[in-house]
$ cat model27.cif   # mmCIF, C-alpha atoms (C1' of nucleotides)
data_structure
#
loop_
_atom_site.group_PDB
_atom_site.id
_atom_site.type_symbol
_atom_site.label_atom_id
_atom_site.label_comp_id
_atom_site.auth_asym_id
_atom_site.auth_seq_id
_atom_site.Cartn_x
_atom_site.Cartn_y
_atom_site.Cartn_z
ATOM 1 C CA MET L 1 0.000 0.000 0.000
ATOM 2 C CA PHE L 2 2.813 2.366 0.830
ATOM 3 C CA HIS L 3 6.378 2.522 -0.236
ATOM 4 C CA VAL L 4 9.462 4.132 1.269
ATOM 5 C CA SER L 5 13.057 4.537 0.269
ATOM 6 C CA PRO L 6 15.493 5.006 3.133
ATOM 7 C CA GLU L 7 18.131 6.581 0.891
ATOM 8 C CA SER L 8 15.966 9.403 -0.349
ATOM 9 C CA GLY L 9 17.191 11.814 2.282
ATOM 10 C CA GLU L 10 13.670 12.395 3.497
ATOM 11 C CA PRO L 11 13.116 10.702 6.848
ATOM 12 C CA ILE L 12 11.080 7.528 6.556
ATOM 13 C CA TYR L 13 8.454 8.573 9.056
ATOM 14 C CA ARG L 14 7.854 11.750 7.054
ATOM 15 C CA GLN L 15 7.530 9.824 3.815
ATOM 16 C CA LEU L 16 4.860 7.810 5.544
ATOM 17 C CA ILE L 17 3.090 10.893 6.870
ATOM 18 C CA ARG L 18 3.119 12.395 3.414
ATOM 19 C CA GLN L 19 1.790 9.269 1.750
ATOM 20 C CA ILE L 20 -0.924 8.672 4.301
ATOM 21 C CA LYS L 21 -2.046 12.282 4.074
ATOM 22 C CA HIS L 22 -2.060 11.968 0.317
ATOM 23 C CA ALA L 23 -4.083 8.780 0.457
ATOM 24 C CA ILE L 24 -6.634 10.515 2.646
ATOM 25 C CA THR L 25 -6.924 13.601 0.492
ATOM 26 C CA THR L 26 -7.304 11.572 -2.674
ATOM 27 C CA GLY L 27 -9.931 9.351 -1.114
ATOM 28 C CA VAL L 28 -7.868 6.181 -1.292
ATOM 29 C CA LEU L 29 -8.234 6.089 2.462
ATOM 30 C CA LYS L 30 -11.674 7.065 3.639
ATOM 31 C CA PRO L 31 -12.805 7.981 7.126
ATOM 32 C CA GLY L 32 -13.257 4.826 9.150
ATOM 33 C CA ASN L 33 -10.829 2.781 7.062
ATOM 34 C CA LYS L 34 -8.335 0.705 8.943
ATOM 35 C CA LEU L 35 -4.646 1.159 8.399
ATOM 36 C CA PRO L 36 -2.141 -1.667 8.571
ATOM 37 C CA THR L 37 -0.954 -2.448 12.063
ATOM 38 C CA VAL L 38 2.269 -0.893 13.200
ATOM 39 C CA ARG L 39 4.071 -4.216 13.099
ATOM 40 C CA GLN L 40 2.587 -5.405 9.841
ATOM 41 C CA LEU L 41 3.483 -2.257 7.958
ATOM 42 C CA ALA L 42 6.942 -2.366 9.495
ATOM 43 C CA VAL L 43 7.449 -5.873 8.154
ATOM 44 C CA ASP L 44 6.121 -4.951 4.715
ATOM 45 C CA LEU L 45 8.361 -1.926 4.389
ATOM 46 C CA VAL L 46 11.293 -3.569 6.163
ATOM 47 C CA ILE L 47 11.589 -0.809 8.710
ATOM 48 C CA ASN L 48 11.342 -0.562 12.452
ATOM 49 C CA PRO L 49 7.851 -0.667 13.990
ATOM 50 C CA ASN L 50 8.717 2.434 15.952
ATOM 51 C CA THR L 51 9.122 4.355 12.747
ATOM 52 C CA VAL L 52 5.623 3.439 11.665
ATOM 53 C CA ALA L 53 4.346 4.197 15.142
ATOM 54 C CA ARG L 54 5.873 7.626 14.969
ATOM 55 C CA ALA L 55 4.111 8.436 11.721
ATOM 56 C CA TYR L 56 0.806 7.194 13.117
ATOM 57 C CA ARG L 57 1.330 9.110 16.342
ATOM 58 C CA GLU L 58 2.024 12.422 14.648
ATOM 59 C CA LEU L 59 -0.971 12.022 12.367
ATOM 60 C CA GLU L 60 -3.101 11.193 15.370
ATOM 61 C CA GLN L 61 -1.923 14.350 17.065
ATOM 62 C CA ARG L 62 -2.852 16.290 13.979
ATOM 63 C CA GLY L 63 -6.326 14.831 14.262
ATOM 64 C CA LEU L 64 -6.203 12.693 11.124
ATOM 65 C CA LEU L 65 -5.969 9.249 12.665
ATOM 66 C CA GLU L 66 -7.343 7.467 15.671
ATOM 67 C CA SER L 67 -5.494 4.669 17.430
ATOM 68 C CA SER L 68 -6.155 2.365 20.302
ATOM 69 C CA PRO L 69 -4.482 -0.838 21.377
ATOM 70 C CA ARG L 70 -5.844 -4.064 20.064
ATOM 71 C CA ARG L 71 -8.244 -2.304 17.685
ATOM 72 C CA GLY L 72 -5.702 -0.715 15.445
ATOM 73 C CA THR L 73 -5.393 2.601 13.702
ATOM 74 C CA PHE L 74 -8.137 4.203 11.671
ATOM 75 C CA VAL L 75 -8.786 7.286 9.621
ATOM 76 C CA LYS L 76 -10.695 9.561 11.916
ATOM 77 C CA VAL L 77 -14.362 9.670 11.021
ATOM 78 C CA SER L 78 -15.197 13.258 11.752
ATOM 79 C CA PRO L 79 -12.296 15.121 10.329
ATOM 80 C CA PRO L 80 -11.414 17.506 13.037
ATOM 81 C CA GLY L 81 -14.498 19.337 14.210
ATOM 82 C CA MET L 82 -12.061 22.106 14.328
ATOM 83 C CA LEU L 83 -13.079 25.675 14.565
ATOM 84 C CA LEU L 84 -12.633 27.660 11.400
ATOM 85 C CA GLU L 85 -10.291 29.860 13.346
ATOM 86 C CA GLU L 86 -8.023 26.951 14.196
ATOM 87 C CA ARG L 87 -8.076 25.590 10.665
ATOM 88 C CA ARG L 88 -7.088 28.967 9.294
ATOM 89 C CA ARG L 89 -4.308 29.244 11.822
ATOM 90 C CA ARG L 90 -2.861 25.926 10.710
ATOM 91 C CA LEU L 91 -3.177 26.808 7.071
ATOM 92 C CA GLN L 92 -1.505 30.205 7.322
ATOM 93 C CA PRO L 93 2.133 29.047 7.341
ATOM 94 C CA TYR L 94 1.613 27.334 4.018
ATOM 95 C CA ILE L 95 0.066 30.434 2.527
ATOM 96 C CA ASP L 96 2.911 32.540 3.833
ATOM 97 C CA SER L 97 5.550 30.243 2.419
ATOM 98 C CA LEU L 98 3.938 30.235 -0.984
ATOM 99 C CA ILE L 99 3.744 34.013 -1.083
ATOM 100 C CA ALA L 100 7.275 34.473 0.170
ATOM 101 C CA GLU L 101 8.810 32.078 -2.306
ATOM 102 C CA GLY L 102 6.516 33.160 -5.076
ATOM 103 C CA THR L 103 7.332 36.843 -4.820
ATOM 104 C CA VAL L 104 11.036 36.132 -4.587
ATOM 105 C CA LEU L 105 10.693 34.167 -7.787
ATOM 106 C CA GLY L 106 9.015 37.139 -9.351
ATOM 107 C CA PHE L 107 5.506 35.819 -9.561
ATOM 108 C CA THR L 108 2.599 38.139 -9.032
ATOM 109 C CA VAL L 109 -0.263 37.220 -6.775
ATOM 110 C CA ASP L 110 -2.457 36.672 -9.792
ATOM 111 C CA GLU L 111 0.022 34.232 -11.189
ATOM 112 C CA LEU L 112 0.184 32.391 -7.897
ATOM 113 C CA VAL L 113 -3.577 32.102 -7.866
ATOM 114 C CA VAL L 114 -3.565 30.768 -11.399
ATOM 115 C CA SER L 115 -0.870 28.208 -10.580
ATOM 116 C CA LEU L 116 -2.764 27.168 -7.497
ATOM 117 C CA GLY L 117 -5.953 26.671 -9.435
ATOM 118 C CA LYS L 118 -4.207 24.835 -12.209
ATOM 119 C CA THR L 119 -2.473 22.407 -9.898
ATOM 120 C CA ALA L 120 -5.668 21.817 -7.972
ATOM 121 C CA ARG L 121 -7.509 21.006 -11.152
ATOM 122 C CA GLU L 122 -4.795 18.606 -12.259
ATOM 123 C CA LYS L 123 -4.947 16.813 -8.950
ATOM 124 C CA GLY L 124 -8.679 16.564 -9.117
ATOM 125 C CA VAL L 125 -9.348 18.440 -5.933
ATOM 126 C CA ARG L 126 -12.866 19.612 -5.443
ATOM 127 C CA GLY L 127 -13.341 23.265 -6.178
ATOM 128 C CA GLU L 128 -16.543 24.013 -4.343
ATOM 129 C CA LYS L 129 -18.427 22.902 -1.303
ATOM 130 C CA MET O 130 18.430 45.983 10.594
ATOM 131 C CA PHE O 131 17.836 42.340 11.430
ATOM 132 C CA HIS O 132 17.101 40.582 14.624
ATOM 133 C CA VAL O 133 17.491 36.989 15.728
ATOM 134 C CA SER O 134 16.675 35.016 18.832
ATOM 135 C CA PRO O 135 18.797 31.931 19.382
ATOM 136 C CA GLU O 136 16.219 30.330 21.703
ATOM 137 C CA SER O 137 13.380 30.381 19.209
ATOM 138 C CA GLY O 138 14.056 26.865 18.038
ATOM 139 C CA GLU O 139 14.451 28.051 14.478
ATOM 140 C CA PRO O 140 18.111 27.957 13.449
ATOM 141 C CA ILE O 141 19.697 31.386 13.398
ATOM 142 C CA TYR O 142 20.885 31.119 9.810
ATOM 143 C CA ARG O 143 17.350 30.332 8.729
ATOM 144 C CA GLN O 144 15.939 33.259 10.630
ATOM 145 C CA LEU O 145 18.380 35.394 8.704
ATOM 146 C CA ILE O 146 17.449 33.839 5.383
ATOM 147 C CA ARG O 147 13.797 34.426 6.125
ATOM 148 C CA GLN O 148 14.300 38.032 7.138
ATOM 149 C CA ILE O 149 16.528 38.869 4.222
ATOM 150 C CA LYS O 150 14.084 37.296 1.796
ATOM 151 C CA HIS O 151 11.293 39.233 3.439
ATOM 152 C CA ALA O 152 13.247 42.461 3.199
ATOM 153 C CA ILE O 153 13.763 41.845 -0.490
ATOM 154 C CA THR O 154 10.165 40.980 -1.216
ATOM 155 C CA THR O 155 8.867 44.016 0.648
ATOM 156 C CA GLY O 156 11.304 46.312 -1.081
ATOM 157 C CA VAL O 157 13.225 47.249 2.059
ATOM 158 C CA LEU O 158 16.227 45.797 0.287
ATOM 159 C CA LYS O 159 16.360 46.678 -3.376
ATOM 160 C CA PRO O 160 18.507 45.143 -6.104
ATOM 161 C CA GLY O 161 21.987 46.574 -5.836
ATOM 162 C CA ASN O 162 21.726 47.394 -2.155
ATOM 163 C CA LYS O 163 24.631 46.386 0.004
ATOM 164 C CA LEU O 164 24.131 44.136 2.968
ATOM 165 C CA PRO O 165 26.131 44.403 6.161
ATOM 166 C CA THR O 166 29.449 42.607 6.057
ATOM 167 C CA VAL O 167 29.588 39.141 7.488
ATOM 168 C CA ARG O 168 31.620 40.278 10.445
ATOM 169 C CA GLN O 169 29.685 43.448 11.129
ATOM 170 C CA LEU O 170 26.335 41.717 11.174
ATOM 171 C CA ALA O 171 27.807 38.998 13.355
ATOM 172 C CA VAL O 172 28.906 41.608 15.875
ATOM 173 C CA ASP O 173 25.537 43.371 15.797
ATOM 174 C CA LEU O 174 23.581 40.195 16.340
ATOM 175 C CA VAL O 175 26.150 38.690 18.707
ATOM 176 C CA ILE O 176 26.489 35.537 16.678
ATOM 177 C CA ASN O 177 29.289 33.806 14.852
ATOM 178 C CA PRO O 178 30.390 35.262 11.513
ATOM 179 C CA ASN O 179 30.109 31.818 10.038
ATOM 180 C CA THR O 180 26.413 31.776 10.762
ATOM 181 C CA VAL O 181 25.923 34.979 8.819
ATOM 182 C CA ALA O 182 28.132 33.647 6.068
ATOM 183 C CA ARG O 183 26.006 30.576 5.814
ATOM 184 C CA ALA O 184 22.841 32.596 5.345
ATOM 185 C CA TYR O 185 24.518 34.736 2.696
ATOM 186 C CA ARG O 186 25.938 31.701 0.963
ATOM 187 C CA GLU O 187 22.629 29.903 0.717
ATOM 188 C CA LEU O 188 20.901 33.006 -0.580
ATOM 189 C CA GLU O 189 23.657 33.434 -3.118
ATOM 190 C CA GLN O 190 23.158 29.889 -4.279
ATOM 191 C CA ARG O 191 19.465 30.595 -4.657
ATOM 192 C CA GLY O 192 20.377 33.517 -6.861
ATOM 193 C CA LEU O 193 19.196 36.271 -4.539
ATOM 194 C CA LEU O 194 22.528 37.677 -3.424
ATOM 195 C CA GLU O 195 25.921 38.284 -4.934
ATOM 196 C CA SER O 196 29.126 38.220 -2.917
ATOM 197 C CA SER O 197 32.773 38.810 -3.529
ATOM 198 C CA PRO O 198 35.676 39.408 -1.187
ATOM 199 C CA ARG O 199 36.494 42.961 -0.273
ATOM 200 C CA ARG O 200 33.423 44.305 -2.053
ATOM 201 C CA GLY O 201 30.809 42.766 0.151
ATOM 202 C CA THR O 202 27.424 41.211 -0.405
ATOM 203 C CA PHE O 203 24.687 42.732 -2.516
ATOM 204 C CA VAL O 204 21.157 42.045 -3.573
ATOM 205 C CA LYS O 205 21.467 40.641 -7.055
ATOM 206 C CA VAL O 206 20.460 43.154 -9.634
ATOM 207 C CA SER O 207 18.748 41.029 -12.199
ATOM 208 C CA PRO O 208 16.637 38.720 -10.146
ATOM 209 C CA PRO O 209 17.382 35.407 -11.634
ATOM 210 C CA GLY O 210 17.052 35.608 -15.377
ATOM 211 C CA MET O 211 15.516 32.307 -14.806
ATOM 212 C CA LEU O 212 13.427 30.605 -17.357
ATOM 213 C CA LEU O 213 9.744 30.534 -16.579
ATOM 214 C CA GLU O 214 10.035 26.780 -16.601
ATOM 215 C CA GLU O 215 12.630 26.815 -13.846
ATOM 216 C CA ARG O 216 10.719 29.326 -11.767
ATOM 217 C CA ARG O 217 7.608 27.216 -11.988
ATOM 218 C CA ARG O 218 9.552 24.140 -11.016
ATOM 219 C CA ARG O 219 10.819 25.836 -7.881
ATOM 220 C CA LEU O 220 7.407 27.150 -6.986
ATOM 221 C CA GLN O 221 5.581 23.870 -7.347
ATOM 222 C CA PRO O 222 6.514 22.320 -3.992
ATOM 223 C CA TYR O 223 4.959 25.261 -2.189
ATOM 224 C CA ILE O 224 1.778 24.955 -4.198
ATOM 225 C CA ASP O 225 1.637 21.249 -3.511
ATOM 226 C CA SER O 226 2.127 21.720 0.199
ATOM 227 C CA LEU O 227 -0.618 24.291 0.388
ATOM 228 C CA ILE O 228 -3.060 22.078 -1.450
ATOM 229 C CA ALA O 229 -2.153 19.010 0.567
ATOM 230 C CA GLU O 230 -2.528 20.705 3.914
ATOM 231 C CA GLY O 231 -5.503 22.733 2.793
ATOM 232 C CA THR O 232 -7.536 19.768 1.636
ATOM 233 C CA VAL O 233 -6.712 17.809 4.762
ATOM 234 C CA LEU O 234 -8.030 20.739 6.743
ATOM 235 C CA GLY O 235 -11.179 20.606 4.709
ATOM 236 C CA PHE O 236 -10.723 23.757 2.677
ATOM 237 C CA THR O 237 -11.955 23.878 -0.881
ATOM 238 C CA VAL O 238 -9.763 25.195 -3.646
ATOM 239 C CA ASP O 239 -11.871 28.306 -3.809
ATOM 240 C CA GLU O 240 -11.299 28.945 -0.150
ATOM 241 C CA LEU O 241 -7.570 28.474 -0.585
ATOM 242 C CA VAL O 242 -7.562 30.982 -3.391
ATOM 243 C CA VAL O 243 -9.479 33.439 -1.256
ATOM 244 C CA SER O 244 -7.103 32.991 1.676
ATOM 245 C CA LEU O 245 -4.141 33.413 -0.621
ATOM 246 C CA GLY O 246 -5.491 36.620 -2.051
ATOM 247 C CA LYS O 247 -6.439 37.963 1.334
ATOM 248 C CA THR O 248 -3.026 37.341 2.834
ATOM 249 C CA ALA O 249 -1.320 38.829 -0.190
ATOM 250 C CA ARG O 250 -3.407 41.964 0.106
ATOM 251 C CA GLU O 251 -2.608 42.285 3.793
ATOM 252 C CA LYS O 252 1.076 41.978 3.096
ATOM 253 C CA GLY O 253 0.886 44.542 0.380
ATOM 254 C CA VAL O 254 2.187 42.313 -2.346
ATOM 255 C CA ARG O 255 1.642 43.552 -5.855
ATOM 256 C CA GLY O 256 -1.205 41.868 -7.601
ATOM 257 C CA GLU O 257 -0.377 42.567 -11.214
ATOM 258 C CA LYS O 258 2.595 43.029 -13.397
ATOM 259 C "C1'" DG K 259 -10.125 -13.509 33.707
ATOM 260 C "C1'" DC K 260 -6.578 -15.086 30.232
ATOM 261 C "C1'" DT K 261 -4.427 -14.336 26.304
ATOM 262 C "C1'" DA K 262 -2.620 -12.602 22.344
ATOM 263 C "C1'" DA K 263 -2.401 -8.773 19.349
ATOM 264 C "C1'" DT K 264 -2.074 -4.026 19.236
ATOM 265 C "C1'" DG K 265 -0.452 0.610 20.300
ATOM 266 C "C1'" DT K 266 2.838 3.088 23.598
ATOM 267 C "C1'" DA K 267 6.865 4.214 26.265
ATOM 268 C "C1'" DT K 268 11.926 4.023 27.336
ATOM 269 C "C1'" DT K 269 16.491 3.785 26.163
ATOM 270 C "C1'" DA K 270 20.415 3.841 23.196
ATOM 271 C "C1'" DC K 271 23.232 5.100 19.498
ATOM 272 C "C1'" DG K 272 24.911 6.643 15.083
ATOM 273 C "C1'" DA K 273 24.215 10.447 11.871
ATOM 274 C "C1'" DT K 274 23.252 14.794 10.765
ATOM 275 C "C1'" DC K 275 22.888 19.649 11.958
ATOM 276 C "C1'" DG K 276 23.961 24.245 13.851
ATOM 277 C "C1'" DT K 277 27.307 26.975 15.587
ATOM 278 C "C1'" DA K 278 31.828 28.406 16.994
ATOM 279 C "C1'" DG K 279 36.816 28.790 16.478
ATOM 280 C "C1'" DT K 280 40.412 29.466 13.504
ATOM 281 C "C1'" DA K 281 42.903 29.823 9.445
ATOM 282 C "C1'" DC K 282 42.898 30.799 4.407
ATOM 283 C "C1'" DA K 283 42.029 33.219 -0.022
ATOM 284 C "C1'" DA K 284 40.740 36.963 -2.758
ATOM 285 C "C1'" DT K 285 40.787 41.783 -3.980
ATOM 286 C "C1'" DG K 286 39.898 46.940 -3.692
ATOM 287 C "C1'" DT K 287 42.746 50.729 -1.905
ATOM 288 C "C1'" DT K 288 46.760 53.079 -1.123
ATOM 289 C "C1'" DA X 289 53.606 45.842 -4.139
ATOM 290 C "C1'" DA X 290 51.794 45.931 0.451
ATOM 291 C "C1'" DC X 291 47.943 45.979 3.244
ATOM 292 C "C1'" DA X 292 43.633 45.565 5.301
ATOM 293 C "C1'" DT X 293 39.045 44.093 4.782
ATOM 294 C "C1'" DT X 294 36.105 41.132 2.912
ATOM 295 C "C1'" DG X 295 34.167 36.526 1.837
ATOM 296 C "C1'" DT X 296 35.487 31.458 2.134
ATOM 297 C "C1'" DA X 297 37.114 26.987 3.797
ATOM 298 C "C1'" DC X 298 38.315 23.702 7.318
ATOM 299 C "C1'" DT X 299 37.849 21.617 11.739
ATOM 300 C "C1'" DA X 300 35.581 20.541 15.929
ATOM 301 C "C1'" DC X 301 32.027 19.719 19.077
ATOM 302 C "C1'" DG X 302 27.654 19.771 21.432
ATOM 303 C "C1'" DA X 303 22.756 19.160 20.402
ATOM 304 C "C1'" DT X 304 19.209 17.414 18.046
ATOM 305 C "C1'" DC X 305 17.204 13.922 15.031
ATOM 306 C "C1'" DG X 306 16.021 9.402 13.034
ATOM 307 C "C1'" DT X 307 15.951 4.832 13.779
ATOM 308 C "C1'" DA X 308 16.363 0.631 16.224
ATOM 309 C "C1'" DA X 309 16.027 -2.512 20.195
ATOM 310 C "C1'" DT X 310 13.453 -3.713 23.875
ATOM 311 C "C1'" DA X 311 10.093 -3.658 27.289
ATOM 312 C "C1'" DC X 312 5.506 -2.077 28.875
ATOM 313 C "C1'" DA X 313 0.418 -1.096 28.781
ATOM 314 C "C1'" DT X 314 -4.010 -1.770 26.985
ATOM 315 C "C1'" DT X 315 -7.921 -4.230 25.464
ATOM 316 C "C1'" DA X 316 -10.967 -7.094 22.126
ATOM 317 C "C1'" DG X 317 -11.995 -11.885 21.933
ATOM 318 C "C1'" DC X 318 -12.433 -16.159 23.803
#

$ encode --input "model27.cif" --output "C-alpha cells"
Amino acid sequence: MFHVSPESGEPIYRQLIRQIKHAITTGVLKPGNKLPTVRQLAVDLVINPNTVARAYRELEQRGLLESSPRRGTFVKVSPPGMLLEERRRRLQPYIDSLIAEGTVLGFTVDELVVSLGKTAREKGVRGEK
Amino acid sequence: MFHVSPESGEPIYRQLIRQIKHAITTGVLKPGNKLPTVRQLAVDLVINPNTVARAYRELEQRGLLESSPRRGTFVKVSPPGMLLEERRRRLQPYIDSLIAEGTVLGFTVDELVVSLGKTAREKGVRGEK
DNA sequence: GCTAATGTATTACGATCGTAGTACAATGTT
DNA sequence: AACATTGTACTACGATCGTAATACATTAGC
C-alpha cells in the first residue's frame, strides 16, 4: 500500500506521513478505514515498527488518525471538528511560504492564484463545497 | 536591521534567510543594495560570523545575493534571469504543500484561493505586473 | 479472567545539523 | 607591491534527530 526509500534523504516517518495524508486527500483512504498495524506495515516496508508508530502518532496528534491498542489505527471519522479559526491558523504558514517564495521568484499574486488553481484542477481536488 | 533570537528553536541562519528574503520581497532591500558585512552583522547580532556567512551563501546559491571578497554582499540586480520553466519548477513544492494541507483541513480550492489573495493583500504584495 | 495482538513508552546510538573557532584566499585601496 | 578588509574553507564539538532494540500497557476476543 505504501512505499518508502530510506536513501531518499527524506526521513522515513515523514515519507509515511506524506503518503498517508495523500491517500486521505485523494480518497484512497476514507474515514473509518483501517490502516495496517504498526508491526505489519513495518514488516512490509522492512523498517522498524517504531518508525511506523511515529508516523501514526504524529498524524493522530494532527487529528487525522485514531489509534487504540488491540483495535488498530483508523482514519478519523469526523475530520477535526475544528473551529474555522483553528483551521485557518494551521493553514496560514503554508500560505505565507507560498507568497514568500513566489514573490522572490518574481511571480505576481495573480500568477500564484492561477498556478494554485491549475495544480488543484490537475490533482482533481474539489473546487466548491 | 535584522534581529534573531537563538532560543526560538528556528536555526539562526534560517531566521536570517527568512528576514533577508522578506526584506527583499517588501522592497526594504532593493537590487543593488549592500548588505552588512559578514563580520559586522555577526557583531551586531552577537552571533558567529560563520552563521551569517552561511545565510549569505545559501541566498547566493538561490540567486538572490551576490558576494565577492572585499566588495561585500549585494542584492542581485537582475533577479534570476531564470526561465519561466525553472521558476515554476521551484514554486511547485509550495503549491503542492498548500493544497495538501488545505484539503486535509477541509478547505476547498476556492477557499484556498481566497485565503491566498487575502493574505497577499494584507502583506501589500503587488497583484499585477 | 486469560491471552494474544495491538499501540505506547523508554532507552540507546549513530548520523546529521547548527554553531563556533580558527585559518585561508581573494581583492579593492593606497 | 603591500595591506587591510572582505568573503570562504576547514575543523571541531555539542545538540538534536532518526531509527532501532526492547520492554511495557491496553484491550478485544475467547

$ resolve_selection --input "model27.cif" --expression "the PyMOL selection byres ((chain X) within 8 of (chain O))" --output "compact mmCIF listing (two decimals) with C-alpha atoms (C1' of nucleotides), keeping the file's coordinate frame"
# COMPACT_ATOMS: atom_id res chain seq x y z
C1' DT X 293 39.04 44.09 4.78
C1' DT X 294 36.10 41.13 2.91
C1' DG X 295 34.17 36.53 1.84

$ interface_residues --input "model27.cif" --of "chain K" --to "chain O" --cutoff "12 Å" --atoms "all atoms listed in the file" --output "MDAnalysis selection string"
chainID K and resid 275:280 283:287

$ closest_atom_pairs --input "model27.cif" --of "chain L" --to "chain O" --cutoff "9 Å" --atoms "only C-alpha atoms" --output "CSV"
residue,atom,partner,partner_atom,distance
L:Arg18,CA,O:Ala229,CA,8.9
L:Lys21,CA,O:Val233,CA,7.3
L:His22,CA,O:Ala229,CA,7.0
L:Ile24,CA,O:Val233,CA,7.6
L:Thr25,CA,O:Val233,CA,6.0
L:Leu64,CA,O:Val233,CA,8.2
L:Pro79,CA,O:Leu234,CA,7.9
L:Pro80,CA,O:Leu234,CA,7.8
L:Met82,CA,O:Leu234,CA,8.7
L:Arg87,CA,O:Leu234,CA,6.2
L:Arg88,CA,O:Ser244,CA,8.6
L:Arg90,CA,O:Leu234,CA,8.3
L:Leu91,CA,O:Gly231,CA,6.3
L:Gln92,CA,O:Ser244,CA,8.4
L:Pro93,CA,O:Leu227,CA,8.9
L:Tyr94,CA,O:Leu227,CA,5.2
L:Ile95,CA,O:Leu245,CA,6.0
L:Asp96,CA,O:Thr248,CA,7.7
L:Ser97,CA,O:Tyr223,CA,6.8
L:Leu98,CA,O:Tyr223,CA,5.2
L:Ile99,CA,O:Ala249,CA,7.0
L:Ala100,CA,O:His151,CA,7.0
L:Glu101,CA,O:Leu220,CA,6.9
L:Gly102,CA,O:Leu220,CA,6.4
L:Thr103,CA,O:Thr154,CA,6.2
L:Val104,CA,O:Thr154,CA,6.0
L:Leu105,CA,O:Arg216,CA,6.3
L:Gly106,CA,O:Pro208,CA,7.8
L:Phe107,CA,O:Arg216,CA,8.6
L:Thr108,CA,O:Gly256,CA,5.5
L:Val109,CA,O:Gly256,CA,4.8
L:Asp110,CA,O:Gly256,CA,5.8
L:Glu111,CA,O:Glu257,CA,8.3
L:Leu112,CA,O:Ile224,CA,8.5
L:Val113,CA,O:Val242,CA,6.1
L:Val114,CA,O:Val242,CA,9.0
L:Ser115,CA,O:Ile224,CA,7.6
L:Leu116,CA,O:Ile224,CA,6.0
L:Gly117,CA,O:Val238,CA,7.1
L:Thr119,CA,O:Ile224,CA,7.6
L:Ala120,CA,O:Val238,CA,6.8
L:Arg121,CA,O:Val238,CA,8.9
L:Val125,CA,O:Val238,CA,7.1
L:Arg126,CA,O:Thr237,CA,6.3
L:Gly127,CA,O:Val238,CA,4.8
L:Glu128,CA,O:Thr237,CA,5.7
L:Lys129,CA,O:Thr237,CA,6.6

$ closest_residue --input "model27.cif" --among "L:Gly32, L:Asp44, L:Gly9, L:Ala55" --to "DA273 in chain K" --atoms "only C-alpha atoms (C1' of nucleotides)"
L:Gly9

$ atom_distance --input "model27.cif" --atom1 "CA of Lys205 in chain O" --atom2 "CA of Leu174 in chain O"
23.5 Å

$ atom_distance --input "model27.cif" --atom1 "CA of Glu251 in chain O" --atom2 "CA of Leu164 in chain O"
26.8 Å

$ resolve_selection --input "model27.cif" --expression "the PyMOL selection byres ((chain X and resi 298) around 8)" --output "PyMOL selection string"
(chain K and resi 281) or (chain X and resi 297+299)

$ residues_around --input "model27.cif" --residues "DT269 in chain K" --least-positions-apart "5" --cutoff "10 Å" --atoms "all atoms listed in the file" --output "ChimeraX atom specification"
/X:309-311

$ write_last_selection --input "model27.cif" --atoms "C-alpha atoms (C1' of nucleotides)" --output "PDB file, in the frame of the given file"
ATOM      1  C1'  DA X 309      16.027  -2.512  20.195  1.00  0.00           C
ATOM      2  C1'  DT X 310      13.453  -3.713  23.875  1.00  0.00           C
ATOM      3  C1'  DA X 311      10.093  -3.658  27.289  1.00  0.00           C
TER       4       DA X 311
END

$ atom_distance --input "model27.cif" --atom1 "C1' of DT264 in chain K" --atom2 "CA of Val28 in chain L"
23.6 Å

$ residues_near_point --input "model27.cif" --point "(4.6, -2.4, 28.2)" --cutoff "10 Å" --atoms "all atoms listed in the file" --output "NGL selection string"
(:K and (265-268)) or (:X and (310-314))

$ closest_residue --input "model27.cif" --among "L:Lys30, L:Gln15, L:Ala23, L:Val52" --to "His3 in chain L" --atoms "all atoms listed in the file"
L:Gln15

$ axis_aligned_box --input "model27.cif" --around "range 259-268 of chain K" --padding-each-side "6 Å" --output "AutoDock Vina command-line options"
--center_x 0.9 --center_y -5.4 --center_z 26.5 --size_x 34.1 --size_y 31.3 --size_z 26.5

$ resolve_selection --input "model27.cif" --expression "the PyMOL selection byres ((chain X and resi 305) around 8)" --output "list in words"
DT274 of chain K; DT304 and DG306 of chain X

$ closest_residue --input "model27.cif" --among "L:Gln19, L:Pro36, L:Ala42, L:Glu10" --to "DA308 in chain X" --atoms "all atoms listed in the file"
L:Ala42
